[in-house]
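Novice: Structure in structure tokens, see below.
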Number of protein chains: 2
Amino acid sequence: MVSVVCVGIAVMDFIFAVDTLPEGQGRTFASALRETGGGPAATGAVAAARLGARTSLWARTGDDDLGGRIIADLDSLGVDTTHVRRVRGGRSSLSAVMVDGAGERAIVNYVDPGLDPDAAWLPLEDLARTQALLVHPRWAEGAAAALARAADLGLPAVLDADVAPESSAADAFALASHLLFSQDALAGFAGSADPLDGLRWARGRTANWVGVTAGGDGCYWLEDGTLRHLPGFRVPVVDTLGAGDVFHGAFAVALGEGRPVADALRFAAAAAALKCGRFGGRAGIPDRAEVDRFLAGAA
Amino acid sequence: MVSVVCVGIAVMDFIFAVDTLPEGQGRTFASALRETGGGPAATGAVAAARLGARTSLWARTGDDDLGGRIIADLDSLGVDTTHVRRVRGGRSSLSAVMVDGAGERAIVNYVDPGLDPDAAWLPLEDLARTQALLVHPRWAEGAAAALARAADLGLPAVLDADVAPESSAADAFALASHLLFSQDALAGFAGSADPLDGLRWARGRTANWVGVTAGGDGCYWLEDGTLRHLPGFRVPVVDTLGAGDVFHGAFAVALGEGRPVADALRFAAAAAALKCGRFGGRAGIPDRAEVDRFLAGAA
């Protein structure tokens, strides 16, 4: 069993089902509301745990009621939360997520600036007994500390190169062994929706592996300067929320198991596709046996 | 001291401060988050209590943690919550409210359809010892029951003629002695942003008093078929959230005190203006002495 560490934010998502997403000011009535644990690193950690990795999340919550619920949810899903720090007087992170009938999403995320960002307490020495690291940049201090130690150790370190409010997030790019963007984030950074344009832009920021997930279109990456493409698995799509995070978590697990990149991507794409086929957010994340069966059937 | 009953929804608002309001899908980072009690009837009740009325709120919450917080907040602000029913297994109502730098707002509201709407438990007999009723249509069953009894008793009954997801809300219009719209709601109903057009449309739905609040422009109403206008008080505007609810609550208090409509509107406009001059939602609602001083100064 491999050991995976995930670093980033843990959030509670309040998911409002709406007919149409808000467009500027006005009022929208939601027909349903679901409260579910979220946050890219935390959802990636749940995926890693479901896929059989011993998974620890390094993150912060407040010492409020919400923080307790965020941690209890992660515990129940098999994630080791020993190193989720409950910051005294801090407020736990939350997002309002509006989802329309077509599955389009608007996310409004809040992270308390008073949630002490210091990362000196992280048990970086644990990385010596870890096979892979998954990092999300929204907690910049935690991301930088963990990536630097992983680079020292030569550990596979996947950075979910996501949009973050701090422009400094890009500083972490060169520290990750695997820089995996989402389509939207890369388009935002590179100023082009074309995967090759985007990955060439990313190549200018790191000498390491660069790739981009593309939803139903699978993923793209650079190999010796050439664009490679893994088509997505065709599944009926029910709920894509967190699918990118599942992809990242599964990719980290497979790299930690020592698989070649193309294999690891195929494994990750299968996990993400299965997740999209089920409603219910984290409850829809497949386990190892399901992914293995799916891949055997698809082969 | 007059006694006022308010009927409607009690909500917890999660207010996200954002640079720009969401426009369709995408991600928005909030720079601040405030959790505050909300809901038009509940905020109207807080205003009535602050303005010196003995105020009871008739509403529903779930028996969840959020419901406890909604009630505790109302208690702390002097509202009698004896008749806020905690529905077993129900989920309390909440809204995500996005506010941009210019004070523009997008509200996403959720009311649990499982929050038993039955209104048979309402202590309607209490209305015989009440001087005014304020009703919001989002709880249609509660609104209809209270308005019908108030009509029997000849009690001043203000209906906050607001947009609601149920088209049936309009059925309550003819039952209210005072039908007070917000500008946006009336424009939506009448298909015209012109107050006279709107109020003529409203006149077609009730024989009783009809008026419309117009933000900084004060309010308009019909008197013997003629449009009357009370200009708004000029104040530096800091936070308009809930200002319309404060207007409605103050208007009900003043009607309960037996004041003529034009006086009651002036009192309500002053309370709403003072509220707009302060940040902090309900904490910014003025008390009676402040409104009296303000009106004395403005006279």
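Letters for chains follow the order of the structure tokens (A, B, ...), residue numbers begin at 1 for each chain, and ligand numbers begin at 1 in the order shown.
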What are the closest atom pairs, with distances in Å to one decimal, for all residues of chain A lying within 12 Å of chain B? Consider only C-alpha atoms, order rows by chain and residue number, and present the result as JSON lines.
Specialist:
{"residue": "A:Asp13", "atom": "CA", "partner": "B:Ala96", "partner_atom": "CA", "distance": 11.5}
{"residue": "A:Phe14", "atom": "CA", "partner": "B:Ala96", "partner_atom": "CA", "distance": 8.8}
{"residue": "A:Ile15", "atom": "CA", "partner": "B:Ala96", "partner_atom": "CA", "distance": 10.2}
{"residue": "A:Phe16", "atom": "CA", "partner": "B:Tyr110", "partner_atom": "CA", "distance": 7.5}
{"residue": "A:Ala17", "atom": "CA", "partner": "B:Tyr110", "partner_atom": "CA", "distance": 9.1}
{"residue": "A:Val18", "atom": "CA", "partner": "B:Val108", "partner_atom": "CA", "distance": 8.6}
{"residue": "A:Asp19", "atom": "CA", "partner": "B:Val108", "partner_atom": "CA", "distance": 11.3}
{"residue": "A:Thr20", "atom": "CA", "partner": "B:Gly24", "partner_atom": "CA", "distance": 8.1}
{"residue": "A:Leu21", "atom": "CA", "partner": "B:Gly24", "partner_atom": "CA", "distance": 5.2}
{"residue": "A:Pro22", "atom": "CA", "partner": "B:Gly24", "partner_atom": "CA", "distance": 5.9}
{"residue": "A:Glu23", "atom": "CA", "partner": "B:Glu23", "partner_atom": "CA", "distance": 4.1}
{"residue": "A:Gly24", "atom": "CA", "partner": "B:Leu21", "partner_atom": "CA", "distance": 5.2}
{"residue": "A:Gln25", "atom": "CA", "partner": "B:Ala106", "partner_atom": "CA", "distance": 4.4}
{"residue": "A:Gly26", "atom": "CA", "partner": "B:Ala106", "partner_atom": "CA", "distance": 4.9}
{"residue": "A:Arg27", "atom": "CA", "partner": "B:Ile107", "partner_atom": "CA", "distance": 4.7}
{"residue": "A:Thr28", "atom": "CA", "partner": "B:Val108", "partner_atom": "CA", "distance": 4.7}
{"residue": "A:Phe29", "atom": "CA", "partner": "B:Asn109", "partner_atom": "CA", "distance": 5.1}
{"residue": "A:Ala30", "atom": "CA", "partner": "B:Tyr110", "partner_atom": "CA", "distance": 5.0}
{"residue": "A:Ser31", "atom": "CA", "partner": "B:Tyr110", "partner_atom": "CA", "distance": 6.8}
{"residue": "A:Ala32", "atom": "CA", "partner": "B:Tyr110", "partner_atom": "CA", "distance": 6.9}
{"residue": "A:Leu33", "atom": "CA", "partner": "B:Tyr110", "partner_atom": "CA", "distance": 6.8}
{"residue": "A:Arg34", "atom": "CA", "partner": "B:Tyr110", "partner_atom": "CA", "distance": 10.4}
{"residue": "A:Glu35", "atom": "CA", "partner": "B:Arg91", "partner_atom": "CA", "distance": 11.1}
{"residue": "A:Asp65", "atom": "CA", "partner": "B:Asp65", "partner_atom": "CA", "distance": 9.2}
{"residue": "A:Leu66", "atom": "CA", "partner": "B:Asp65", "partner_atom": "CA", "distance": 10.5}
{"residue": "A:Arg69", "atom": "CA", "partner": "B:Asp65", "partner_atom": "CA", "distance": 11.6}
{"residue": "A:Arg91", "atom": "CA", "partner": "B:Leu33", "partner_atom": "CA", "distance": 9.5}
{"residue": "A:Ser92", "atom": "CA", "partner": "B:Leu33", "partner_atom": "CA", "distance": 10.7}
{"residue": "A:Ser93", "atom": "CA", "partner": "B:Leu33", "partner_atom": "CA", "distance": 9.7}
{"residue": "A:Leu94", "atom": "CA", "partner": "B:Leu33", "partner_atom": "CA", "distance": 9.3}
{"residue": "A:Ser95", "atom": "CA", "partner": "B:Phe29", "partner_atom": "CA", "distance": 9.2}
{"residue": "A:Ala96", "atom": "CA", "partner": "B:Ala96", "partner_atom": "CA", "distance": 6.5}
{"residue": "A:Val97", "atom": "CA", "partner": "B:Arg27", "partner_atom": "CA", "distance": 9.2}
{"residue": "A:Met98", "atom": "CA", "partner": "B:Val108", "partner_atom": "CA", "distance": 8.4}
{"residue": "A:Val99", "atom": "CA", "partner": "B:Gln25", "partner_atom": "CA", "distance": 8.7}
{"residue": "A:Asp100", "atom": "CA", "partner": "B:Gln25", "partner_atom": "CA", "distance": 9.3}
{"residue": "A:Ala102", "atom": "CA", "partner": "B:Gln25", "partner_atom": "CA", "distance": 11.1}
{"residue": "A:Gly103", "atom": "CA", "partner": "B:Gln25", "partner_atom": "CA", "distance": 9.8}
{"residue": "A:Glu104", "atom": "CA", "partner": "B:Gln25", "partner_atom": "CA", "distance": 6.0}
{"residue": "A:Arg105", "atom": "CA", "partner": "B:Gln25", "partner_atom": "CA", "distance": 4.9}
{"residue": "A:Ala106", "atom": "CA", "partner": "B:Gln25", "partner_atom": "CA", "distance": 4.3}
{"residue": "A:Ile107", "atom": "CA", "partner": "B:Arg27", "partner_atom": "CA", "distance": 4.7}
{"residue": "A:Val108", "atom": "CA", "partner": "B:Thr28", "partner_atom": "CA", "distance": 4.7}
{"residue": "A:Asn109", "atom": "CA", "partner": "B:Phe29", "partner_atom": "CA", "distance": 5.1}
{"residue": "A:Tyr110", "atom": "CA", "partner": "B:Ala30", "partner_atom": "CA", "distance": 5.0}
{"residue": "A:Val111", "atom": "CA", "partner": "B:Ala30", "partner_atom": "CA", "distance": 7.7}
{"residue": "A:Asp112", "atom": "CA", "partner": "B:Ala32", "partner_atom": "CA", "distance": 7.3}
{"residue": "A:Pro113", "atom": "CA", "partner": "B:Ser31", "partner_atom": "CA", "distance": 8.1}
{"residue": "A:Gly114", "atom": "CA", "partner": "B:Ala32", "partner_atom": "CA", "distance": 10.4}
{"residue": "A:Arg138", "atom": "CA", "partner": "B:Phe29", "partner_atom": "CA", "distance": 10.7}
{"residue": "A:Asp162", "atom": "CA", "partner": "B:Arg27", "partner_atom": "CA", "distance": 11.0}
{"residue": "A:Val163", "atom": "CA", "partner": "B:Arg27", "partner_atom": "CA", "distance": 8.8}
{"residue": "A:Ala164", "atom": "CA", "partner": "B:Phe29", "partner_atom": "CA", "distance": 8.3}
{"residue": "A:Pro165", "atom": "CA", "partner": "B:Phe29", "partner_atom": "CA", "distance": 6.7}
{"residue": "A:Glu166", "atom": "CA", "partner": "B:Phe29", "partner_atom": "CA", "distance": 10.3}
{"residue": "A:Asp184", "atom": "CA", "partner": "B:Gly26", "partner_atom": "CA", "distance": 9.0}
{"residue": "A:Ala185", "atom": "CA", "partner": "B:Arg27", "partner_atom": "CA", "distance": 10.4}
{"residue": "A:Gly188", "atom": "CA", "partner": "B:Gly26", "partner_atom": "CA", "distance": 11.4}
Novice: Got a sec: who's within 10 Å of A:Gly218, counting only C-alpha atoms, leaving out chain neighbours fewer than 3 positions off, as a PyMOL selection string?
Specialist: chain A and resi 212-215+229-234+265-266+268-270+272-273
Novice: Okay, now the selection with C-alpha atoms, as a PDB file, in the first residue's frame?
Specialist:
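Produced file part.pdb, reproduced below:
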ATOM      1  CA  VAL A 212      -3.654  19.480 -18.650  1.00  0.00           C
ATOM      2  CA  THR A 213      -6.957  17.737 -17.967  1.00  0.00           C
ATOM      3  CA  ALA A 214      -9.706  18.480 -20.474  1.00  0.00           C
ATOM      4  CA  GLY A 215     -12.924  17.109 -19.002  1.00  0.00           C
ATOM      5  CA  HIS A 229      -3.354  13.049 -25.940  1.00  0.00           C
ATOM      6  CA  LEU A 230      -5.291  10.480 -23.936  1.00  0.00           C
ATOM      7  CA  PRO A 231      -8.969  10.583 -24.972  1.00  0.00           C
ATOM      8  CA  GLY A 232     -11.499  10.596 -22.136  1.00  0.00           C
ATOM      9  CA  PHE A 233     -13.530   7.499 -21.362  1.00  0.00           C
ATOM     10  CA  ARG A 234     -17.084   7.810 -22.672  1.00  0.00           C
ATOM     11  CA  LEU A 265      -3.037   9.130 -16.570  1.00  0.00           C
ATOM     12  CA  ARG A 266      -5.209   6.289 -17.844  1.00  0.00           C
ATOM     13  CA  ALA A 268      -6.704   8.761 -13.264  1.00  0.00           C
ATOM     14  CA  ALA A 269      -8.987   9.290 -16.261  1.00  0.00           C
ATOM     15  CA  ALA A 270     -10.874   6.092 -15.398  1.00  0.00           C
ATOM     16  CA  ALA A 272     -12.587  10.592 -12.846  1.00  0.00           C
ATOM     17  CA  ALA A 273     -14.934   9.137 -15.479  1.00  0.00           C
TER      18      ALA A 273
END
Novice: What does the distance from atom CA of A:Val4 to atom CA of A:Gly198 come to in Å, to one decimal?
Specialist: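 So the answer is 28.2 Å.
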Novice: So that I can see what lies close to A:Arg288, please list as an MDAnalysis selection string the residues with an atom at most 6 Å from it, counting only C-alpha atoms and leaving out residues fewer than 2 positions away in the same chain.
Specialist: chainID A and resid 51 290:291
Novice: For B:Ser177, please output as a ChimeraX atom specification all residues within 8 Å (counting only C-alpha atoms; exclusion window: fewer than 6 positions along the same chain).
Specialist: /B:151,155-159,208-209
Novice: Skip stretch 82-90 of chain B itself and residues of its chain fewer than 6 positions away, then list as a ChimeraX atom specification all residues within 6 Å of it, counting only C-alpha atoms.
Specialist: /B:58-63,114-115
Novice: List every residue of stretch 46-233 of chain A that DSSP, applied to the backbone of this structure, places in strand (DSSP E or B), and write the result as a PyMOL selection string.
Specialist: chain A and resi 54-62+80+84-87+93-99+105-110+132-135+157-161+178-182+209-213+219-223+226-230
Novice: Those residues with C-alpha atoms, as a compact mmCIF listing (two decimals), in the first residue's frame please?
Specialist:
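Generated file (result-v6.txt):
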# COMPACT_ATOMS: atom_id res chain seq x y z
CA ARG A 54 -2.78 5.40 3.00
CA THR A 55 -3.62 9.09 2.71
CA SER A 56 -2.90 12.00 4.99
CA LEU A 57 -4.30 15.51 4.45
CA TRP A 58 -2.27 18.50 5.60
CA ALA A 59 -4.58 21.45 5.84
CA ARG A 60 -6.18 24.02 8.13
CA THR A 61 -9.69 24.56 9.42
CA GLY A 62 -11.05 26.89 12.06
CA ASP A 80 -5.97 10.60 8.02
CA VAL A 84 -5.46 19.03 9.74
CA ARG A 85 -4.71 21.91 12.06
CA ARG A 86 -7.66 23.54 13.79
CA VAL A 87 -6.56 27.18 14.00
CA SER A 93 -13.35 27.69 4.65
CA LEU A 94 -16.57 27.35 2.75
CA SER A 95 -17.90 27.69 -0.76
CA ALA A 96 -21.30 28.46 -2.20
CA VAL A 97 -21.58 26.32 -5.33
CA MET A 98 -24.44 26.98 -7.72
CA VAL A 99 -25.14 24.14 -10.18
CA ARG A 105 -21.16 25.61 -12.00
CA ALA A 106 -20.46 28.93 -10.32
CA ILE A 107 -18.29 28.70 -7.22
CA VAL A 108 -17.82 31.44 -4.63
CA ASN A 109 -15.04 30.44 -2.26
CA TYR A 110 -13.99 32.01 1.00
CA ALA A 132 3.65 10.66 -3.60
CA LEU A 133 2.58 14.22 -2.83
CA LEU A 134 -0.45 16.11 -4.16
CA VAL A 135 -0.47 19.87 -3.65
CA ALA A 157 4.87 15.68 -6.48
CA VAL A 158 1.74 16.60 -8.42
CA LEU A 159 0.76 20.26 -8.36
CA ASP A 160 -2.87 20.95 -9.17
CA ALA A 161 -1.96 24.14 -11.02
CA HIS A 178 4.28 16.96 -12.28
CA LEU A 179 2.44 20.16 -13.08
CA LEU A 180 -1.14 19.20 -13.97
CA PHE A 181 -3.49 22.02 -14.97
CA SER A 182 -7.20 22.04 -15.48
CA TRP A 209 6.39 17.24 -16.62
CA VAL A 210 3.44 19.40 -17.73
CA GLY A 211 -0.08 18.26 -18.55
CA VAL A 212 -3.65 19.48 -18.65
CA THR A 213 -6.96 17.74 -17.97
CA CYS A 219 -5.96 14.96 -21.06
CA TYR A 220 -2.97 16.31 -22.90
CA TRP A 221 0.70 16.43 -21.99
CA LEU A 222 4.08 17.17 -23.49
CA GLU A 223 6.57 14.40 -24.18
CA THR A 226 5.43 16.76 -28.61
CA LEU A 227 1.77 17.00 -27.62
CA ARG A 228 0.36 13.68 -26.40
CA HIS A 229 -3.35 13.05 -25.94
CA LEU A 230 -5.29 10.48 -23.94
Novice: Run DSSP on the backbone and tell me which residues of stretch 9-101 of chain A come out as helix (DSSP H, G or I); list them as a count of residues only.
Specialist: 23
Novice: Between A:Ala176, A:Ala47, A:Met1, A:Cys6, single out the one closest to A:Leu122, counting only C-alpha atoms.
Specialist: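 Among the listed residues, A:Cys6 lies closest to A:Leu122.
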Novice: Any idea what's packed within 7 Å of A:Pro286, counting only C-alpha atoms, ignoring anything in its chain fewer than 6 positions away? Could you give it as a ChimeraX atom specification?
Specialist: /A:50,271,274-275
Novice: For a test of reading the model, state the distance in Å between atom CA of A:Gly37 and atom CA of B:Met12, rounded to one decimal.
Specialist: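 A separation of 19.6 Å between them.
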Novice: Atom CA of B:Gly258 to atom CA of B:Val2: how many Å, to one decimal?
Specialist: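 We find that atom CA of B:Gly258 and atom CA of B:Val2 lie 9.8 Å from each other.
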Novice: So that I can see what lies close to B:Gly154, please list as a ChimeraX atom specification the residues with an atom at most 10 Å from it, counting only C-alpha atoms and leaving out residues fewer than 4 positions away in the same chain.
Specialist: /B:128,131-132,148-150,177
